[in-house]
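Structure data (PDB, C-alpha atoms and all ligand atoms) from run.pdb:
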ATOM      1  CA  MET A   1      78.195 110.946 102.880  1.00  0.00           C
ATOM      2  CA  ILE A   2      79.491 108.207 100.671  1.00  0.00           C
ATOM      3  CA  SER A   3      77.770 106.868  97.547  1.00  0.00           C
ATOM      4  CA  SER A   4      78.602 104.436  94.759  1.00  0.00           C
ATOM      5  CA  LYS A   5      80.511 107.159  92.867  1.00  0.00           C
ATOM      6  CA  ASP A   6      83.070 107.072  95.701  1.00  0.00           C
ATOM      7  CA  LYS A   7      83.697 103.338  95.402  1.00  0.00           C
ATOM      8  CA  GLY A   8      87.376 102.421  95.156  1.00  0.00           C
ATOM      9  CA  LYS A   9      88.631 105.826  96.250  1.00  0.00           C
ATOM     10  CA  GLY A  10      91.890 105.580  98.157  1.00  0.00           C
ATOM     11  CA  LEU A  11      92.524 102.086  96.864  1.00  0.00           C
ATOM     12  CA  LEU A  12      91.789 101.799  93.151  1.00  0.00           C
ATOM     13  CA  LYS A  13      91.649 105.493  92.383  1.00  0.00           C
ATOM     14  CA  LYS A  14      92.745 108.758  93.907  1.00  0.00           C
ATOM     15  CA  SER A  15      90.750 109.812  96.908  1.00  0.00           C
ATOM     16  CA  ASP A  16      89.396 113.307  97.477  1.00  0.00           C
ATOM     17  CA  ILE A  17      88.116 112.353 100.927  1.00  0.00           C
ATOM     18  CA  ASP A  18      91.523 112.206 102.563  1.00  0.00           C
ATOM     19  CA  ASP A  19      90.755 114.440 105.475  1.00  0.00           C
ATOM     20  CA  ALA A  20      87.631 112.675 106.661  1.00  0.00           C
ATOM     21  CA  ASP A  21      87.627 111.020 110.041  1.00  0.00           C
ATOM     22  CA  GLY A  22      84.166 109.635 109.443  1.00  0.00           C
ATOM     23  CA  LEU A  23      82.341 107.904 106.579  1.00  0.00           C
ATOM     24  CA  ILE A  24      78.641 107.179 106.259  1.00  0.00           C
ATOM     25  CA  THR A  25      76.321 105.560 103.718  1.00  0.00           C
ATOM     26  CA  ASN A  26      73.007 103.789 103.230  1.00  0.00           C
ATOM     27  CA  GLU A  27      74.006 102.158  99.955  1.00  0.00           C
ATOM     28  CA  THR A  28      74.725  98.466  99.702  1.00  0.00           C
ATOM     29  CA  GLY A  29      77.996  97.075  98.376  1.00  0.00           C
ATOM     30  CA  ILE A  30      80.222  99.902  99.619  1.00  0.00           C
ATOM     31  CA  ALA A  31      82.951  98.940 102.080  1.00  0.00           C
ATOM     32  CA  LEU A  32      83.613 101.928 104.320  1.00  0.00           C
ATOM     33  CA  THR A  33      87.243 101.584 105.369  1.00  0.00           C
ATOM     34  CA  THR A  34      89.501 103.455 107.740  1.00  0.00           C
ATOM     35  CA  PHE A  35      93.167 102.718 108.267  1.00  0.00           C
ATOM     36  CA  TYR A  36      94.731 102.904 111.682  1.00  0.00           C
ATOM     37  CA  ALA A  37      97.400 101.529 113.997  1.00  0.00           C
ATOM     38  CA  ASP A  38      96.436 102.148 117.651  1.00  0.00           C
ATOM     39  CA  CYS A  39      93.659 104.713 117.086  1.00  0.00           C
ATOM     40  CA  VAL A  40      90.127 103.591 117.823  1.00  0.00           C
ATOM     41  CA  PRO A  41      87.924 102.397 114.942  1.00  0.00           C
ATOM     42  CA  VAL A  42      84.251 102.852 115.724  1.00  0.00           C
ATOM     43  CA  TYR A  43      81.616 100.995 113.676  1.00  0.00           C
ATOM     44  CA  PHE A  44      77.963 102.040 113.439  1.00  0.00           C
ATOM     45  CA  LEU A  45      74.959 100.130 112.102  1.00  0.00           C
ATOM     46  CA  ASP A  46      71.303 101.058 112.066  1.00  0.00           C
ATOM     47  CA  PRO A  47      69.764  97.682 111.168  1.00  0.00           C
ATOM     48  CA  VAL A  48      66.284  99.225 110.828  1.00  0.00           C
ATOM     49  CA  LEU A  49      66.989 101.884 108.199  1.00  0.00           C
ATOM     50  CA  LYS A  50      70.129 100.111 106.965  1.00  0.00           C
ATOM     51  CA  VAL A  51      72.654 102.885 107.460  1.00  0.00           C
ATOM     52  CA  ILE A  52      76.312 102.339 108.347  1.00  0.00           C
ATOM     53  CA  ALA A  53      79.113 104.610 109.465  1.00  0.00           C
ATOM     54  CA  MET A  54      82.750 104.306 110.366  1.00  0.00           C
ATOM     55  CA  ALA A  55      84.702 106.721 112.554  1.00  0.00           C
ATOM     56  CA  HIS A  56      88.432 106.930 113.159  1.00  0.00           C
ATOM     57  CA  SER A  57      88.844 108.159 116.707  1.00  0.00           C
ATOM     58  CA  GLY A  58      92.421 108.997 117.615  1.00  0.00           C
ATOM     59  CA  TRP A  59      92.871 111.063 120.758  1.00  0.00           C
ATOM     60  CA  ARG A  60      92.174 114.279 118.861  1.00  0.00           C
ATOM     61  CA  GLY A  61      89.045 112.818 117.275  1.00  0.00           C
ATOM     62  CA  THR A  62      87.977 111.546 120.686  1.00  0.00           C
ATOM     63  CA  VAL A  63      88.328 115.056 122.131  1.00  0.00           C
ATOM     64  CA  LYS A  64      86.239 116.317 119.201  1.00  0.00           C
ATOM     65  CA  GLN A  65      83.625 113.635 119.969  1.00  0.00           C
ATOM     66  CA  ILE A  66      83.720 112.299 116.452  1.00  0.00           C
ATOM     67  CA  SER A  67      81.610 109.298 117.492  1.00  0.00           C
ATOM     68  CA  ALA A  68      78.812 111.546 118.731  1.00  0.00           C
ATOM     69  CA  LYS A  69      79.088 113.498 115.489  1.00  0.00           C
ATOM     70  CA  ALA A  70      78.639 110.283 113.507  1.00  0.00           C
ATOM     71  CA  VAL A  71      75.455 109.536 115.486  1.00  0.00           C
ATOM     72  CA  CYS A  72      74.176 113.093 114.868  1.00  0.00           C
ATOM     73  CA  LYS A  73      74.803 112.703 111.150  1.00  0.00           C
ATOM     74  CA  MET A  74      73.023 109.355 111.020  1.00  0.00           C
ATOM     75  CA  LYS A  75      70.034 110.983 112.715  1.00  0.00           C
ATOM     76  CA  LYS A  76      70.013 114.234 110.777  1.00  0.00           C
ATOM     77  CA  ASP A  77      70.898 113.068 107.279  1.00  0.00           C
ATOM     78  CA  TYR A  78      69.359 109.586 107.291  1.00  0.00           C
ATOM     79  CA  GLY A  79      66.582 109.811 109.886  1.00  0.00           C
ATOM     80  CA  CYS A  80      68.052 107.128 112.171  1.00  0.00           C
ATOM     81  CA  ASP A  81      66.796 106.694 115.720  1.00  0.00           C
ATOM     82  CA  SER A  82      69.766 106.507 118.099  1.00  0.00           C
ATOM     83  CA  LYS A  83      67.996 103.746 120.028  1.00  0.00           C
ATOM     84  CA  ASN A  84      68.350 101.461 117.023  1.00  0.00           C
ATOM     85  CA  ILE A  85      72.018 102.114 116.336  1.00  0.00           C
ATOM     86  CA  LEU A  86      74.484  99.351 117.199  1.00  0.00           C
ATOM     87  CA  VAL A  87      78.085 100.409 117.814  1.00  0.00           C
ATOM     88  CA  GLY A  88      81.308  98.410 117.793  1.00  0.00           C
ATOM     89  CA  ILE A  89      84.608  99.627 119.220  1.00  0.00           C
ATOM     90  CA  GLY A  90      87.465  97.790 117.529  1.00  0.00           C
ATOM     91  CA  PRO A  91      90.916  96.707 118.744  1.00  0.00           C
ATOM     92  CA  SER A  92      92.961  99.796 119.633  1.00  0.00           C
ATOM     93  CA  ILE A  93      95.467 101.052 122.148  1.00  0.00           C
ATOM     94  CA  LYS A  94      94.084 100.680 125.652  1.00  0.00           C
ATOM     95  CA  LYS A  95      94.848 102.433 128.888  1.00  0.00           C
ATOM     96  CA  CYS A  96      97.546  99.840 129.713  1.00  0.00           C
ATOM     97  CA  CYS A  97      99.664 101.350 126.912  1.00  0.00           C
ATOM     98  CA  PHE A  98      98.255 104.725 125.881  1.00  0.00           C
ATOM     99  CA  GLU A  99     100.791 106.884 127.668  1.00  0.00           C
ATOM    100  CA  VAL A 100     100.668 110.650 127.163  1.00  0.00           C
ATOM    101  CA  GLU A 101     102.029 113.835 128.675  1.00  0.00           C
ATOM    102  CA  TYR A 102     100.154 116.718 130.236  1.00  0.00           C
ATOM    103  CA  PRO A 103      99.350 118.765 127.085  1.00  0.00           C
ATOM    104  CA  VAL A 104      97.169 115.896 125.855  1.00  0.00           C
ATOM    105  CA  VAL A 105      95.512 115.557 129.274  1.00  0.00           C
ATOM    106  CA  GLU A 106      94.875 119.296 129.268  1.00  0.00           C
ATOM    107  CA  GLU A 107      92.972 119.069 125.967  1.00  0.00           C
ATOM    108  CA  PHE A 108      90.680 116.443 127.464  1.00  0.00           C
ATOM    109  CA  GLU A 109      90.219 118.398 130.695  1.00  0.00           C
ATOM    110  CA  LYS A 110      89.379 121.568 128.799  1.00  0.00           C
ATOM    111  CA  LYS A 111      87.016 120.132 126.222  1.00  0.00           C
ATOM    112  CA  LEU A 112      85.623 117.006 127.894  1.00  0.00           C
ATOM    113  CA  PRO A 113      85.586 117.575 131.661  1.00  0.00           C
ATOM    114  CA  PHE A 114      83.857 114.224 132.273  1.00  0.00           C
ATOM    115  CA  SER A 115      86.918 112.416 130.886  1.00  0.00           C
ATOM    116  CA  LYS A 116      88.792 113.090 134.148  1.00  0.00           C
ATOM    117  CA  GLU A 117      87.674 109.775 135.590  1.00  0.00           C
ATOM    118  CA  PHE A 118      89.301 107.963 132.641  1.00  0.00           C
ATOM    119  CA  ILE A 119      92.715 109.641 132.926  1.00  0.00           C
ATOM    120  CA  PHE A 120      95.257 108.146 135.291  1.00  0.00           C
ATOM    121  CA  LYS A 121      98.515 109.529 136.584  1.00  0.00           C
ATOM    122  CA  ASP A 122     101.398 107.134 136.101  1.00  0.00           C
ATOM    123  CA  ASN A 123     102.780 106.444 139.559  1.00  0.00           C
ATOM    124  CA  GLU A 124     106.146 105.258 138.271  1.00  0.00           C
ATOM    125  CA  LYS A 125     106.895 107.904 135.640  1.00  0.00           C
ATOM    126  CA  ILE A 126     106.733 111.577 136.506  1.00  0.00           C
ATOM    127  CA  GLY A 127     104.671 113.670 134.088  1.00  0.00           C
ATOM    128  CA  LYS A 128     103.134 110.658 132.328  1.00  0.00           C
ATOM    129  CA  TYR A 129      99.484 109.751 132.179  1.00  0.00           C
ATOM    130  CA  LYS A 130      97.408 106.900 130.810  1.00  0.00           C
ATOM    131  CA  ILE A 131      94.094 107.524 129.065  1.00  0.00           C
ATOM    132  CA  ASP A 132      91.205 105.113 128.618  1.00  0.00           C
ATOM    133  CA  LEU A 133      90.023 106.300 125.195  1.00  0.00           C
ATOM    134  CA  GLN A 134      87.484 103.508 124.727  1.00  0.00           C
ATOM    135  CA  SER A 135      85.586 104.391 127.910  1.00  0.00           C
ATOM    136  CA  ILE A 136      85.571 108.076 126.975  1.00  0.00           C
ATOM    137  CA  ILE A 137      84.165 107.152 123.557  1.00  0.00           C
ATOM    138  CA  GLU A 138      81.506 104.936 125.167  1.00  0.00           C
ATOM    139  CA  LYS A 139      80.421 107.779 127.417  1.00  0.00           C
ATOM    140  CA  THR A 140      80.308 110.157 124.446  1.00  0.00           C
ATOM    141  CA  LEU A 141      78.132 107.672 122.573  1.00  0.00           C
ATOM    142  CA  VAL A 142      75.699 107.271 125.465  1.00  0.00           C
ATOM    143  CA  SER A 143      75.411 111.070 125.710  1.00  0.00           C
ATOM    144  CA  ALA A 144      74.525 111.049 122.013  1.00  0.00           C
ATOM    145  CA  GLY A 145      71.623 108.692 122.709  1.00  0.00           C
ATOM    146  CA  ILE A 146      73.183 105.279 122.069  1.00  0.00           C
ATOM    147  CA  LEU A 147      71.949 102.635 124.510  1.00  0.00           C
ATOM    148  CA  SER A 148      74.890 101.260 126.482  1.00  0.00           C
ATOM    149  CA  TYR A 149      73.866  97.657 125.828  1.00  0.00           C
ATOM    150  CA  ASN A 150      74.093  98.402 122.104  1.00  0.00           C
ATOM    151  CA  ILE A 151      77.815  99.147 122.389  1.00  0.00           C
ATOM    152  CA  GLU A 152      80.219  96.267 121.923  1.00  0.00           C
ATOM    153  CA  ASN A 153      83.819  96.916 122.927  1.00  0.00           C
ATOM    154  CA  ALA A 154      86.407  94.476 121.510  1.00  0.00           C
ATOM    155  CA  ASP A 155      88.517  95.249 124.562  1.00  0.00           C
ATOM    156  CA  ILE A 156      91.788  94.221 122.890  1.00  0.00           C
ATOM    157  CA  CYS A 157      94.929  96.356 123.034  1.00  0.00           C
ATOM    158  CA  THR A 158      96.820  96.692 119.736  1.00  0.00           C
ATOM    159  CA  LYS A 159     100.129  97.402 121.475  1.00  0.00           C
ATOM    160  CA  CYS A 160      99.879  94.407 123.827  1.00  0.00           C
ATOM    161  CA  ASN A 161      99.296  91.998 120.946  1.00  0.00           C
ATOM    162  CA  PRO A 162     102.115  92.422 118.393  1.00  0.00           C
ATOM    163  CA  ASP A 163     101.448  88.952 117.005  1.00  0.00           C
ATOM    164  CA  LEU A 164      97.957  90.060 115.976  1.00  0.00           C
ATOM    165  CA  PHE A 165      98.120  93.780 115.232  1.00  0.00           C
ATOM    166  CA  PHE A 166     100.275  96.542 113.849  1.00  0.00           C
ATOM    167  CA  SER A 167     100.879  99.164 116.503  1.00  0.00           C
ATOM    168  CA  HIS A 168     102.357 102.601 115.928  1.00  0.00           C
ATOM    169  CA  ARG A 169     103.509 102.761 119.540  1.00  0.00           C
ATOM    170  CA  ASN A 170     105.249  99.417 119.123  1.00  0.00           C
ATOM    171  CA  MET A 171     106.736  99.725 115.667  1.00  0.00           C
ATOM    172  CA  GLY A 172     106.857 103.437 114.820  1.00  0.00           C
ATOM    173  CA  ASN A 173     106.673 104.218 111.109  1.00  0.00           C
ATOM    174  CA  GLU A 174     108.101 100.819 110.137  1.00  0.00           C
ATOM    175  CA  ARG A 175     104.723  99.200 110.297  1.00  0.00           C
ATOM    176  CA  GLY A 176     101.698  98.227 108.297  1.00  0.00           C
ATOM    177  CA  SER A 177      98.202  99.513 108.941  1.00  0.00           C
ATOM    178  CA  LEU A 178      95.066  97.921 110.273  1.00  0.00           C
ATOM    179  CA  ALA A 179      91.827  98.399 108.374  1.00  0.00           C
ATOM    180  CA  GLY A 180      88.411  98.856 109.926  1.00  0.00           C
ATOM    181  CA  ILE A 181      85.772  97.856 107.367  1.00  0.00           C
ATOM    182  CA  ILE A 182      81.987  97.865 107.390  1.00  0.00           C
ATOM    183  CA  ALA A 183      79.599  97.252 104.489  1.00  0.00           C
ATOM    184  CA  LEU A 184      75.889  96.713 103.840  1.00  0.00           C
ATOM    185  CA  LYS A 185      75.010  93.789 101.635  1.00  0.00           C
TER     186      LYS A 185
HETATM  187 ZN    ZN B 201      98.229  97.448 126.126  1.00  0.00          ZN
END
As structure tokens:
Amino acid sequence: MISSKDKGKGLLKKSDIDDADGLITNETGIALTTFYADCVPVYFLDPVLKVIAMAHSGWRGTVKQISAKAVCKMKKDYGCDSKNILVGIGPSIKKCCFEVEYPVVEEFEKKLPFSKEFIFKDNEKIGKYKIDLQSIIEKTLVSAGILSYNIENADICTKCNPDLFFSHRNMGNERGSLAGIIALK
């Protein structure tokens, strides 16, 4: 939970919320921000009760269903109705480029059996797989009560568009970061 006392943390003053993969508030004038470069930024807005949240869903966060956790928090702590929550999935690495090896696949298979249909064996490279993180996140959100027509997927790959985005897979550590920002006015 973020309030006005947290304003500027991580930018203008030292942050004590370093480890968080999710931020949530119902206060106006606070820009919830996550930094990323290929991971999936997920934006949440309940326009009825005016609550916002931001989740940073890398593959580990996706396995942990961080997006569903954000929905749960919005419901539990702020009284939101999942039917009112609008969700945006920002530019991030898509299945065209998100190549992984079996240990990552195994984590998904173990903890999210449904994700099988979104994991693809690479026919050209032995032992490599591609994962469709955005579709797994969408499914997780729907299971948490979000209506599928309230989910907007930007459907843009950060690695395929180096002229537009920083990409860790493209540039390694010699890169900038992208920021996902949401605020209530
Ligand atoms: Zn791509």
Expected selection from the PyMOL selection byres (((chain A and resi 108) around 10) and not hetatm), given as a list in words: Trp59, Arg60, Thr62, Val63, Lys64, Tyr102, Pro103, Val104, Val105, Glu106, Glu107, Glu109, Lys110, Lys111, Leu112, Pro113, Phe114, Ser115, Lys116, Ile119, Ile131 and Ile136 of chain A
Evaluate the PyMOL selection byres (((chain A and resi 1) around 7) and not hetatm) here and jot the selected residues down as a short mmCIF file (atom, residue, chain, number, x, y, z; two decimals) with C-alpha atoms, in the frame of the given file.
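Heads up, here's the output in expr34.cif:
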data_model
loop_
_atom_site.label_atom_id
_atom_site.label_comp_id
_atom_site.auth_asym_id
_atom_site.auth_seq_id
_atom_site.Cartn_x
_atom_site.Cartn_y
_atom_site.Cartn_z
CA ILE A 2 79.49 108.21 100.67
CA SER A 3 77.77 106.87 97.55
CA LEU A 23 82.34 107.90 106.58
CA ILE A 24 78.64 107.18 106.26
CA THR A 25 76.32 105.56 103.72
#
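Around ligand ZN 201 (chain B), the neighbouring residues within 9 Å, taking all atoms listed in the file, come to A:Ser92, A:Ile93, A:Lys94, A:Lys95, A:Cys96, A:Cys97, A:Phe98, A:Ile156, A:Cys157, A:Thr158, A:Lys159, A:Cys160, A:Asn161.
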Distance criterion (only C-alpha atoms): nearest to Gly58 in chain A out of A:His168, A:Lys83, A:Lys185, A:Arg175: A:His168
Among listed residues A:Asp38, A:Asp122, A:Asp132, A:Asp6, nearest Gly172 in chain A (using only C-alpha atoms): A:Asp38
In Å to one decimal, how far is CA of Ser4 in chain A from CA of Leu49 in chain A? 17.9 Å
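We find CA of Ser143 in chain A and CA of Gly180 in chain A to be spaced 23.8 Å apart.
Atom pair CA of Lys76 in chain A / CA of Thr34 in chain A has a distance of 22.5 Å (rounded to one decimal).
Take the candidates A:Lys14, A:Lys7, A:Lys73, A:Lys139 and check each one against Ala183 in chain A using all atoms listed in the file; the shortest distance goes to A:Lys7.
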Which polymer residues, protein or nucleic acid, are no farther than 12 Å from (77.3, 92.8, 117.7), counting only C-alpha atoms, as a PyMOL selection string? chain A and resi 43-47+85-90+149-154
Those residues with C-alpha atoms, as a short mmCIF file (atom, residue, chain, number, x, y, z; two decimals), in the coordinates of the input please?
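Saved as selection-v9.cif:
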data_model
loop_
_atom_site.label_atom_id
_atom_site.label_comp_id
_atom_site.auth_asym_id
_atom_site.auth_seq_id
_atom_site.Cartn_x
_atom_site.Cartn_y
_atom_site.Cartn_z
CA TYR A 43 81.62 101.00 113.68
CA PHE A 44 77.96 102.04 113.44
CA LEU A 45 74.96 100.13 112.10
CA ASP A 46 71.30 101.06 112.07
CA PRO A 47 69.76 97.68 111.17
CA ILE A 85 72.02 102.11 116.34
CA LEU A 86 74.48 99.35 117.20
CA VAL A 87 78.08 100.41 117.81
CA GLY A 88 81.31 98.41 117.79
CA ILE A 89 84.61 99.63 119.22
CA GLY A 90 87.46 97.79 117.53
CA TYR A 149 73.87 97.66 125.83
CA ASN A 150 74.09 98.40 122.10
CA ILE A 151 77.82 99.15 122.39
CA GLU A 152 80.22 96.27 121.92
CA ASN A 153 83.82 96.92 122.93
CA ALA A 154 86.41 94.48 121.51
#
Resolved residues for the PyMOL selection byres (((chain A and resi 124-127) around 10) and not hetatm) as a PyMOL selection string: chain A and resi 100-102+121-123+128-129
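Between Ser82 in chain A and the candidates A:Ala31, A:Ala70, A:Leu178, A:Met171, the tightest atom-to-atom separation, counting all atoms listed in the file, involves A:Ala70.
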Counting only C-alpha atoms, closest pick from A:Ala53, A:Leu141, A:Ala179, A:Leu184 relative to Ala68 in chain A is A:Leu141
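For the set A:Asn84, A:Ser167, A:Ser177, A:Gln65, the residue with the smallest atom-to-atom gap to Glu138 in chain A is A:Gln65, counting all atoms listed in the file.
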All file atoms of range 44-48 of chain A boxed axis-aligned, 5 Å per side, centre plus edges, as AutoDock Vina command-line options:
--center_x 72.1 --center_y 99.9 --center_z 112.1 --size_x 21.7 --size_y 14.4 --size_z 12.6
So that I can check the surroundings of Ala55 in chain A, please list as a PyMOL selection string every protein, DNA and RNA residue that reaches within 6 Å of it, counting all atoms listed in the file and ignoring chain neighbours fewer than 5 positions away. chain A and resi 21-22+41-42
Write the residues of the selection above to a file with C-alpha atoms, as an mmCIF file, in the coordinates of the input.
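The file below, again_19.cif, is the result:
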data_model
loop_
_atom_site.group_PDB
_atom_site.id
_atom_site.type_symbol
_atom_site.label_atom_id
_atom_site.label_comp_id
_atom_site.auth_asym_id
_atom_site.auth_seq_id
_atom_site.Cartn_x
_atom_site.Cartn_y
_atom_site.Cartn_z
ATOM 1 C CA ASP A 21 87.627 111.020 110.041
ATOM 2 C CA GLY A 22 84.166 109.635 109.443
ATOM 3 C CA PRO A 41 87.924 102.397 114.942
ATOM 4 C CA VAL A 42 84.251 102.852 115.724
#
How would range 92-115 of chain A look with N, CA, C and O atoms restored, written as a short mmCIF file (atom, residue, chain, number, x, y, z; two decimals), keeping the file's coordinate frame?
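Produced file selection-v7.cif, reproduced below:
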data_model
loop_
_atom_site.label_atom_id
_atom_site.label_comp_id
_atom_site.auth_asym_id
_atom_site.auth_seq_id
_atom_site.Cartn_x
_atom_site.Cartn_y
_atom_site.Cartn_z
N SER A 92 92.28 98.49 119.63
CA SER A 92 92.96 99.80 119.63
C SER A 92 93.80 99.89 120.90
O SER A 92 93.73 99.01 121.75
N ILE A 93 94.57 100.96 120.99
CA ILE A 93 95.47 101.05 122.15
C ILE A 93 94.66 101.35 123.41
O ILE A 93 93.83 102.25 123.44
N LYS A 94 94.87 100.54 124.42
CA LYS A 94 94.08 100.68 125.65
C LYS A 94 94.87 101.41 126.73
O LYS A 94 96.04 101.74 126.55
N LYS A 95 94.21 101.61 127.85
CA LYS A 95 94.85 102.43 128.89
C LYS A 95 96.12 101.80 129.45
O LYS A 95 96.97 102.50 130.00
N CYS A 96 96.30 100.48 129.27
CA CYS A 96 97.55 99.84 129.71
C CYS A 96 98.75 100.45 128.99
O CYS A 96 99.86 100.50 129.53
N CYS A 97 98.54 100.91 127.76
CA CYS A 97 99.66 101.35 126.91
C CYS A 97 99.56 102.78 126.39
O CYS A 97 100.54 103.29 125.86
N PHE A 98 98.38 103.39 126.49
CA PHE A 98 98.26 104.72 125.88
C PHE A 98 98.78 105.80 126.84
O PHE A 98 98.04 106.44 127.57
N GLU A 99 100.11 105.95 126.78
CA GLU A 99 100.79 106.88 127.67
C GLU A 99 100.92 108.24 127.00
O GLU A 99 101.32 108.33 125.84
N VAL A 100 100.57 109.29 127.72
CA VAL A 100 100.67 110.65 127.16
C VAL A 100 101.26 111.60 128.21
O VAL A 100 101.41 111.24 129.37
N GLU A 101 101.55 112.81 127.75
CA GLU A 101 102.03 113.84 128.68
C GLU A 101 100.93 114.87 128.91
O GLU A 101 99.88 114.82 128.27
N TYR A 102 101.22 115.83 129.79
CA TYR A 102 100.15 116.72 130.24
C TYR A 102 99.42 117.50 129.14
O TYR A 102 98.19 117.64 129.22
N PRO A 103 100.10 118.00 128.09
CA PRO A 103 99.35 118.76 127.08
C PRO A 103 98.16 118.00 126.50
O PRO A 103 97.12 118.60 126.20
N VAL A 104 98.29 116.70 126.37
CA VAL A 104 97.17 115.90 125.86
C VAL A 104 96.06 115.84 126.92
O VAL A 104 94.88 116.05 126.63
N VAL A 105 96.48 115.61 128.16
CA VAL A 105 95.51 115.56 129.27
C VAL A 105 94.74 116.88 129.34
O VAL A 105 93.52 116.90 129.51
N GLU A 106 95.48 117.97 129.18
CA GLU A 106 94.88 119.30 129.27
C GLU A 106 93.76 119.49 128.24
O GLU A 106 92.71 120.06 128.53
N GLU A 107 93.99 118.98 127.01
CA GLU A 107 92.97 119.07 125.97
C GLU A 107 91.69 118.36 126.40
O GLU A 107 90.58 118.86 126.21
N PHE A 108 91.85 117.18 126.98
CA PHE A 108 90.68 116.44 127.46
C PHE A 108 89.99 117.20 128.59
O PHE A 108 88.78 117.34 128.61
N GLU A 109 90.80 117.69 129.54
CA GLU A 109 90.22 118.40 130.70
C GLU A 109 89.44 119.63 130.25
O GLU A 109 88.39 119.93 130.79
N LYS A 110 90.02 120.33 129.25
CA LYS A 110 89.38 121.57 128.80
C LYS A 110 88.09 121.28 128.04
O LYS A 110 87.07 121.90 128.26
N LYS A 111 88.16 120.32 127.13
CA LYS A 111 87.02 120.13 126.22
C LYS A 111 86.04 119.05 126.66
O LYS A 111 84.88 119.07 126.27
N LEU A 112 86.51 118.09 127.44
CA LEU A 112 85.62 117.01 127.89
C LEU A 112 85.84 116.78 129.39
O LEU A 112 86.46 115.79 129.79
N PRO A 113 85.32 117.68 130.21
CA PRO A 113 85.59 117.58 131.66
C PRO A 113 85.25 116.20 132.26
O PRO A 113 85.92 115.74 133.17
N PHE A 114 84.23 115.53 131.72
CA PHE A 114 83.86 114.22 132.27
C PHE A 114 84.97 113.18 132.12
O PHE A 114 85.00 112.16 132.82
N SER A 115 85.90 113.43 131.18
CA SER A 115 86.92 112.42 130.89
C SER A 115 87.93 112.23 132.02
O SER A 115 88.68 111.26 132.05
#
